[in-house]
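Encoded as structure tokens, the structure appears first; notes follow it.
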Amino acid sequence: MFATKWMDQSIEFGIVPVLILVTLYLPFAYFAIPASNALHLSLFGINLIGQIMCFALLALALDLVWGLCGILSLGHGIFFGMGGYLMAMYLLNAAYLDTHVLPDFMQYMGASAFPAFWHVFERLDVTVLVTIALTAAVAGAFGFVTFRSRINGVYLSIITQALTYALMLLLFINDIGLGGNNGMTGFTRIAGYRLEAVSTQIGLAVCSCLLLVVAYIGVRFLARSSFGRALIAVRDDEARMRFLGYRTHTLKLLAWCLSAVLAALAGMLYVPQVGIVNPTIVSPQLSVEIAVWVAIGGRGTLIGAIVGAILVNGLKFWLSAQLPSVWPFILAGVTLIITVYFGNGLWGTLKAAASNTGMGARR
Amino acid sequence: MEMIAFGRFLRLGMAVVWLLAGHLAFAATPGDASAYASRTAVIAAFCDTDGDPAAALGKLVEAGVSADQGAREWATQVMGAIRNGAFACGTNGQAVILGNSLGNSPVDAVTLAAPASVPAGMSPYVPSIVMMRKLAVAAAETGLFAADREARLAAAQQVDKFFPLLDPTIVTRAVHSEHDTQVLTVLKLAMAKRGLNSDAREARLAAIQAVAEVPSEAALTSLENFILQPGVQSDPEVIAAAKKAIQGINTWLMFGRGLSIIFSGLSYAGVLLLTALGLSIVFGLMGVINLAHGEFIMIGAYSTYLVERFMQSYLPGVFGAYIFVAIPVAFLICAACAMLLEFFVIRFLYRRPLETLLATWAVSIALIKLVQVLFGSQNVEFVTPDFLNGGVQVSPGFFVTYNRVFAIVLALLIFLATFAVIRFTKLGLLMRATTQLRDTARCLGVPAPRIDRLAFGLGGGLAGLAGVVLTQIASVNPSMGTGFVVDSFMVVVLGGAGSLAGTVVSSLALGEINQFIEPFYGAVAAKVVVLLLIVLIIQKRPQGLFALKTRS
């Protein structure tokens with residue numbers, strides 16, 4: 001009893017040291033370990049790990065609303081994309097200061113300078129603050145109208161899919177000045193550091209890991225607090241919570257806005273590492289994939305989301321290089337098996353097996 | 001290869017027969033002696049330095065439209081030879097046509113037979129640029145009386161292109177003898193445009209009236225250009241008449257465009273209806289979100305492709321009917337796929353809608369990849385059956401294509417069949433019972449899992465039928481389904497899950513709204529606006545427009 005409890009507790013919190021170890025390992029693996037060693041990480045590998053960490057943060061954000069609160073959002077790509085695009089606007093401003101050449105798509109549109117509202121994004125700190133505020137506002141608006149109307153379940157999922165589809169279509173239009181279907185690229189500098197420099201790349205990957213750690217600690221703290229307990233109660237039986245006097249739409253709204261901000265932050269770190277942002281970041285397919293990562297990892301357990309995202313994306317990158325035409329079948333098979341047989345996901349099943357029967361049962 | 005050689009032989013044989021017949025006919029009919037003399041005069045007019053080629057051309061055109069077959073052939077040959085630079089004049093007034101379609105040796109321009117004596121001092125006749133234009137019009141004018149409608153239409157368009165040079169007597173004759181509306185419109189417009197060019201005011205007013213009688217985009221342009229001419233600007237009465245005519249044409253065109261928008265809205269609504277029908281039944285009955293629905297549509301389209309290939313290889317005679325053969329085939333294949341999906345996957349996810357969503361998404365990406373591997377990822381080409389080709393111009397600005405009419409008709413028929421099944425058959429009764437009160441129905445002995453399976457099969461089959469119809473109006477590739485999933489779910493959500501009337505009404509509404517916004521803001525903006533509209537309506541009425549009254 002003591003042993004399992006001790007194990008249960010330590011494994012859960014243990015992911016933080018694991019992630020910190022990974023963070024420390026990154027610069028070590030590049031600089032200290034020679035290239036011939038198997039443990040060496042090339043710059044490409046470090047970049048990849050950074051991207052995967054951003055996806056893990058995105059999955060964590062979805063798990064916050066889905067696992068804890070029961071809102072399956074198939075449109076979290078909207079917030080991820082918002083963070084990405086706003087960061088790209090800052091990066092293009094920085095690139096212009098560097099090269100004094102306007103981006104291609106602006107030149108094609110015949111502009112001679114950045115449009116007025118782009119000047120807001122000339123400083124990184126202002127960009128971050130504006131992104132957080134804007135994402136919270138958009139999420140708040142959507143959540144306010146939706147949760148008050150008591151829309152939930154599959155209807156909500158379909159509506160979020162439709163909204164992300166609409167945003168993707170909007171971003172494909174060339175005339176709105178956000179790059180159209182080619183997107184925005186050509187980033188050179190971030191906060192004064194050159195983007196191609198080794199230290200910047202490693203720094204971005206380390207930042208992604210650290211942000212993930214901080215977000216995980218924060219969300220876990222939230223989940224264990226009374227707010228988190230209220231969210232879980234709303235997930236399990238919203239009507240009962242309403243009868244008990246809780247304003248469930250406010251609870252859901254708060255969780256929703258927090259999740260949106262986390263997703264936007266993930267997007268902000270993702271775009272400099274990948275070097276380009278285009279409308280596929282808000283495609284309906286990506287948004288459904290986020291839910292698949294969380295489902296495979298184990299929804300409700302925050303670690304499960306992180307594990308699922310890392311596992312699926314790691315496998316995808318590895319297998320897409322080796323066997324590109326087999327990957328969709330593998331992903332489909334794994335998803336099917338997990339959803340049908342292991343409803344709790346990988347981590348959830350592990351937890352249920354480790355703890356006493358009855359304690360780990362989740363829906 | 002054999003066909004080509006046979007064709008050559010056939011043409012050569014026909015040429016020989018023609019030569020002989022022409023020669024014999026020539027010799028046989030003494031009345032042609034005067035014709036012979038006039039032809040010589042015409043040819044001589046081209047070759048003489050002080051001859052009148054324009055008048056000669058007029059005579060050629062007359063011959064070209066005359067009732068006499070021989071004269072028409074002769075005129076066509078001579079005009080073609082002059083245009084191709086194969087007309088050569090000799091020093092003794094004789095002219096030959098070099099290397100024409102009758103053979104490679106020169107023939108006499110008058111008799112179109114081998115020359116009696118070898119002409120000397122041949123020099124090619126080079127017509128002036130003005131002459132070439134007149135020749136073009138002349139050739140077109142002779143083509144106005146051809147038997148083939150396409151040839152007449154092409155000739156009429158050529159006459160319209162060179163309308164200042166046309167010969168009014170001949171064109172009026174053509175107008176009188178023409179029956180096809182499209183050719184008639186082109187000819188009348190050409191005559192009217194020529195009338196606009198004249199200097200007499202009465203003629204201009206008459207021409208404006210004539211233009212107003214054949215409204216079209218081209219008529220509008222010609223009138224607008226006419227008003228800007230300096231000679232016209234000074235005449236207020238003519239300007240007033242022209243402006244009135246322009247207004248009339250604009251009204252006609254707006255009317256036509258409005259009809260066109262309504263019609264394309266109808267066809268889009270038909271497609272939406274087909275894609276959403278199966279989804280509505282399944283969602284209403286089982287509450288299952290099937291993200292693989294788009295892939296069933298795609299499988300239906302590819303089944304049609306297989307049927308088309310099969311019939312092209314083994315039953316080429318009735319190839320045009322492949323659409324009708326594909327309808328039951330696609331229905332059965334997709335229904336089978338859907339029932340398999342239900343048996344292996346959905347059955348275990350009963351009462352877990354969110355998991356069903358993810359599981360069907362997984363199936364959809366596997367299906368897309370499978371079809372990609374089997375058929376390749378590029379668009380698949382379909383041969384449109386003959387009876388679906390083309391269309392009819394109902395009103396200026398409103399062109400109805402037959403394949404869209406077919407899509408609308410088929411959508412309606414399929415909807416009526418589905419309605420009949422749901423309303424009048426035992427399966428439909430059991431499905432409705434299970435949708436409205438599942439547990440009570442089970443208590444009464446209704447095998448709910450089997451009804452689920454059959455309903456899923458029906459939904460999949462309907463998606464397959466949508467795919468069959470879509471092969472004629474949309475592009476077919478492995479990822480075609482993804483574009484329809486969001487739209488069909490919006491139709492279902494707006495109309496109310498499980499309600500057939502709701503699906504019809506919402507698909508009509510969405511189709512028409514989409515087509516009304518599109519001309520102003522573009523297709524993408526129209527889609528976005530429609531999606532946002534639906535989201536707003538759902539906020540107010542989450543169960544949809546026609547919600548099924550259930551007691552569960």
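If you're wondering about the labels, chains in the structure tokens are A, B, ... by order shown, residues count from 1 in each chain, ligands from 1 in order shown.
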
Please, which residues of chain B lie no more than 7 Å from chain A when the count uses only C-alpha atoms, and can they be set out as a list of chain:residue names? B:Phe348, B:Leu349, B:Leu354, B:Glu355, B:Leu358, B:Ala359, B:Ala362, B:Val363, B:Ile365, B:Ala366, B:Lys369, B:Val486, B:Val524, B:Val528, B:Leu531, B:Val535, B:Gln539, B:Pro542

Take the residues that were just selected and, keeping N, CA, C and O atoms, output them as a compact mmCIF listing (two decimals), in the first residue's frame.
```txt
# COMPACT_ATOMS: atom_id res chain seq x y z
N PHE B 348 -18.36 -1.24 -30.16
CA PHE B 348 -17.76 -1.27 -28.83
C PHE B 348 -17.79 0.08 -28.15
O PHE B 348 -17.46 0.20 -26.98
N LEU B 349 -18.17 1.10 -28.90
CA LEU B 349 -18.09 2.45 -28.37
C LEU B 349 -19.48 3.02 -28.14
O LEU B 349 -19.69 4.21 -28.19
N LEU B 354 -17.55 10.65 -27.79
CA LEU B 354 -16.28 11.30 -28.07
C LEU B 354 -15.25 10.28 -28.55
O LEU B 354 -14.44 10.56 -29.43
N GLU B 355 -15.29 9.08 -27.97
CA GLU B 355 -14.37 8.05 -28.45
C GLU B 355 -14.71 7.63 -29.87
O GLU B 355 -13.83 7.32 -30.67
N LEU B 358 -13.06 9.91 -32.31
CA LEU B 358 -11.65 9.64 -32.56
C LEU B 358 -11.45 8.36 -33.36
O LEU B 358 -10.59 8.30 -34.24
N ALA B 359 -12.25 7.34 -33.03
CA ALA B 359 -12.08 6.08 -33.74
C ALA B 359 -12.42 6.24 -35.22
O ALA B 359 -11.70 5.75 -36.10
N ALA B 362 -9.68 7.92 -37.01
CA ALA B 362 -8.58 7.02 -37.32
C ALA B 362 -8.91 6.20 -38.57
O ALA B 362 -8.07 6.04 -39.47
N VAL B 363 -10.13 5.68 -38.64
CA VAL B 363 -10.55 4.91 -39.82
C VAL B 363 -10.46 5.77 -41.07
O VAL B 363 -10.04 5.32 -42.14
N ILE B 365 -8.43 8.32 -41.79
CA ILE B 365 -7.11 8.52 -42.35
C ILE B 365 -6.57 7.21 -42.94
O ILE B 365 -5.85 7.23 -43.94
N ALA B 366 -6.95 6.08 -42.32
CA ALA B 366 -6.51 4.81 -42.90
C ALA B 366 -7.12 4.59 -44.28
O ALA B 366 -6.46 4.16 -45.22
N LYS B 369 -5.45 6.79 -46.93
CA LYS B 369 -4.14 6.28 -47.32
C LYS B 369 -4.30 5.03 -48.18
O LYS B 369 -3.56 4.84 -49.15
N VAL B 486 -17.14 18.74 -42.90
CA VAL B 486 -17.59 19.88 -42.09
C VAL B 486 -18.91 20.41 -42.60
O VAL B 486 -19.85 20.67 -41.83
N VAL B 524 -14.68 31.71 -50.71
CA VAL B 524 -14.16 31.43 -49.36
C VAL B 524 -14.93 32.24 -48.33
O VAL B 524 -15.35 31.72 -47.29
N VAL B 528 -17.16 31.03 -45.09
CA VAL B 528 -16.89 31.48 -43.72
C VAL B 528 -18.15 32.10 -43.12
O VAL B 528 -18.53 31.81 -41.97
N LEU B 531 -20.64 29.45 -42.20
CA LEU B 531 -20.25 28.72 -40.98
C LEU B 531 -20.55 29.55 -39.74
O LEU B 531 -21.09 29.04 -38.74
N VAL B 535 -23.09 28.79 -36.56
CA VAL B 535 -22.66 28.78 -35.15
C VAL B 535 -23.56 29.69 -34.34
O VAL B 535 -23.99 29.35 -33.23
N GLN B 539 -26.21 28.66 -31.30
CA GLN B 539 -26.18 29.21 -29.94
C GLN B 539 -27.60 29.44 -29.45
O GLN B 539 -27.93 29.20 -28.30
N PRO B 542 -29.91 25.15 -29.92
CA PRO B 542 -28.89 24.11 -30.07
C PRO B 542 -29.40 22.82 -30.69
O PRO B 542 -28.61 22.07 -31.25
```

I'd like the contact shell of A:Thr135 - 12 Å cut-off, only C-alpha atoms, skipping same-chain residues fewer than 2 positions apart - returned as a PyMOL selection string. chain A and resi 76-86+127-133+137-143+256-265+267-268

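Taking only C-alpha atoms into account, B:Phe398 lies nearest to B:Gly258 out of the set B:Gly258, B:Gly459, B:Pro106, B:Pro316.
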
Residues at most 8 Å from stretch 405-419 of chain B, counting only C-alpha atoms, excluding those fewer than 3 positions away in the same chain, as a list in words?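 That gives Leu266, Ser267, Gly270, Val271, Leu273, Leu274, Leu277, Leu388, Val400, Thr401, Tyr402, Ile422, Arg423, Val469, Leu470 and Leu500 of chain B.
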
Go ahead and save the residues from that selection, with N, CA and C atoms, as a PDB file, in the first residue's frame.
```pdb
ATOM      1  N   LEU B 266     -29.447  25.664 -56.007  1.00  0.00           N
ATOM      2  CA  LEU B 266     -30.196  24.406 -55.968  1.00  0.00           C
ATOM      3  C   LEU B 266     -29.282  23.202 -56.136  1.00  0.00           C
ATOM      4  N   SER B 267     -28.342  23.316 -57.081  1.00  0.00           N
ATOM      5  CA  SER B 267     -27.487  22.156 -57.306  1.00  0.00           C
ATOM      6  C   SER B 267     -26.552  21.941 -56.120  1.00  0.00           C
ATOM      7  N   GLY B 270     -28.509  20.351 -53.520  1.00  0.00           N
ATOM      8  CA  GLY B 270     -28.695  18.930 -53.803  1.00  0.00           C
ATOM      9  C   GLY B 270     -27.517  18.105 -53.324  1.00  0.00           C
ATOM     10  N   VAL B 271     -26.308  18.605 -53.595  1.00  0.00           N
ATOM     11  CA  VAL B 271     -25.111  17.897 -53.150  1.00  0.00           C
ATOM     12  C   VAL B 271     -25.068  17.823 -51.634  1.00  0.00           C
ATOM     13  N   LEU B 273     -27.545  17.984 -49.592  1.00  0.00           N
ATOM     14  CA  LEU B 273     -28.600  17.083 -49.127  1.00  0.00           C
ATOM     15  C   LEU B 273     -28.131  15.647 -49.183  1.00  0.00           C
ATOM     16  N   LEU B 274     -27.527  15.264 -50.311  1.00  0.00           N
ATOM     17  CA  LEU B 274     -27.075  13.892 -50.447  1.00  0.00           C
ATOM     18  C   LEU B 274     -26.026  13.539 -49.409  1.00  0.00           C
ATOM     19  N   LEU B 277     -27.663  13.483 -45.750  1.00  0.00           N
ATOM     20  CA  LEU B 277     -28.812  12.630 -45.444  1.00  0.00           C
ATOM     21  C   LEU B 277     -28.413  11.428 -44.590  1.00  0.00           C
ATOM     22  N   LEU B 388     -25.327  13.710 -70.698  1.00  0.00           N
ATOM     23  CA  LEU B 388     -25.107  14.735 -69.679  1.00  0.00           C
ATOM     24  C   LEU B 388     -24.241  15.874 -70.185  1.00  0.00           C
ATOM     25  N   VAL B 400     -27.924  26.546 -68.401  1.00  0.00           N
ATOM     26  CA  VAL B 400     -28.210  25.378 -67.574  1.00  0.00           C
ATOM     27  C   VAL B 400     -27.434  24.188 -68.103  1.00  0.00           C
ATOM     28  N   THR B 401     -26.531  23.638 -67.272  1.00  0.00           N
ATOM     29  CA  THR B 401     -25.795  22.454 -67.720  1.00  0.00           C
ATOM     30  C   THR B 401     -26.541  21.216 -67.288  1.00  0.00           C
ATOM     31  N   TYR B 402     -26.483  20.206 -68.158  1.00  0.00           N
ATOM     32  CA  TYR B 402     -27.286  19.016 -67.902  1.00  0.00           C
ATOM     33  C   TYR B 402     -26.783  18.226 -66.704  1.00  0.00           C
ATOM     34  N   ILE B 422     -37.996   5.273 -44.785  1.00  0.00           N
ATOM     35  CA  ILE B 422     -38.152   5.600 -43.368  1.00  0.00           C
ATOM     36  C   ILE B 422     -39.630   5.593 -42.981  1.00  0.00           C
ATOM     37  N   ARG B 423     -40.465   6.053 -43.886  1.00  0.00           N
ATOM     38  CA  ARG B 423     -41.859   6.257 -43.510  1.00  0.00           C
ATOM     39  C   ARG B 423     -42.701   5.012 -43.688  1.00  0.00           C
ATOM     40  N   VAL B 469     -22.964  10.888 -57.597  1.00  0.00           N
ATOM     41  CA  VAL B 469     -23.403  12.147 -58.206  1.00  0.00           C
ATOM     42  C   VAL B 469     -22.230  13.127 -58.317  1.00  0.00           C
ATOM     43  N   LEU B 470     -21.363  13.125 -57.299  1.00  0.00           N
ATOM     44  CA  LEU B 470     -20.270  14.091 -57.283  1.00  0.00           C
ATOM     45  C   LEU B 470     -19.230  13.830 -58.358  1.00  0.00           C
ATOM     46  N   LEU B 500     -35.510  14.367 -41.392  1.00  0.00           N
ATOM     47  CA  LEU B 500     -35.308  14.467 -42.831  1.00  0.00           C
ATOM     48  C   LEU B 500     -35.724  15.837 -43.345  1.00  0.00           C
TER      49      LEU B 500
END
```
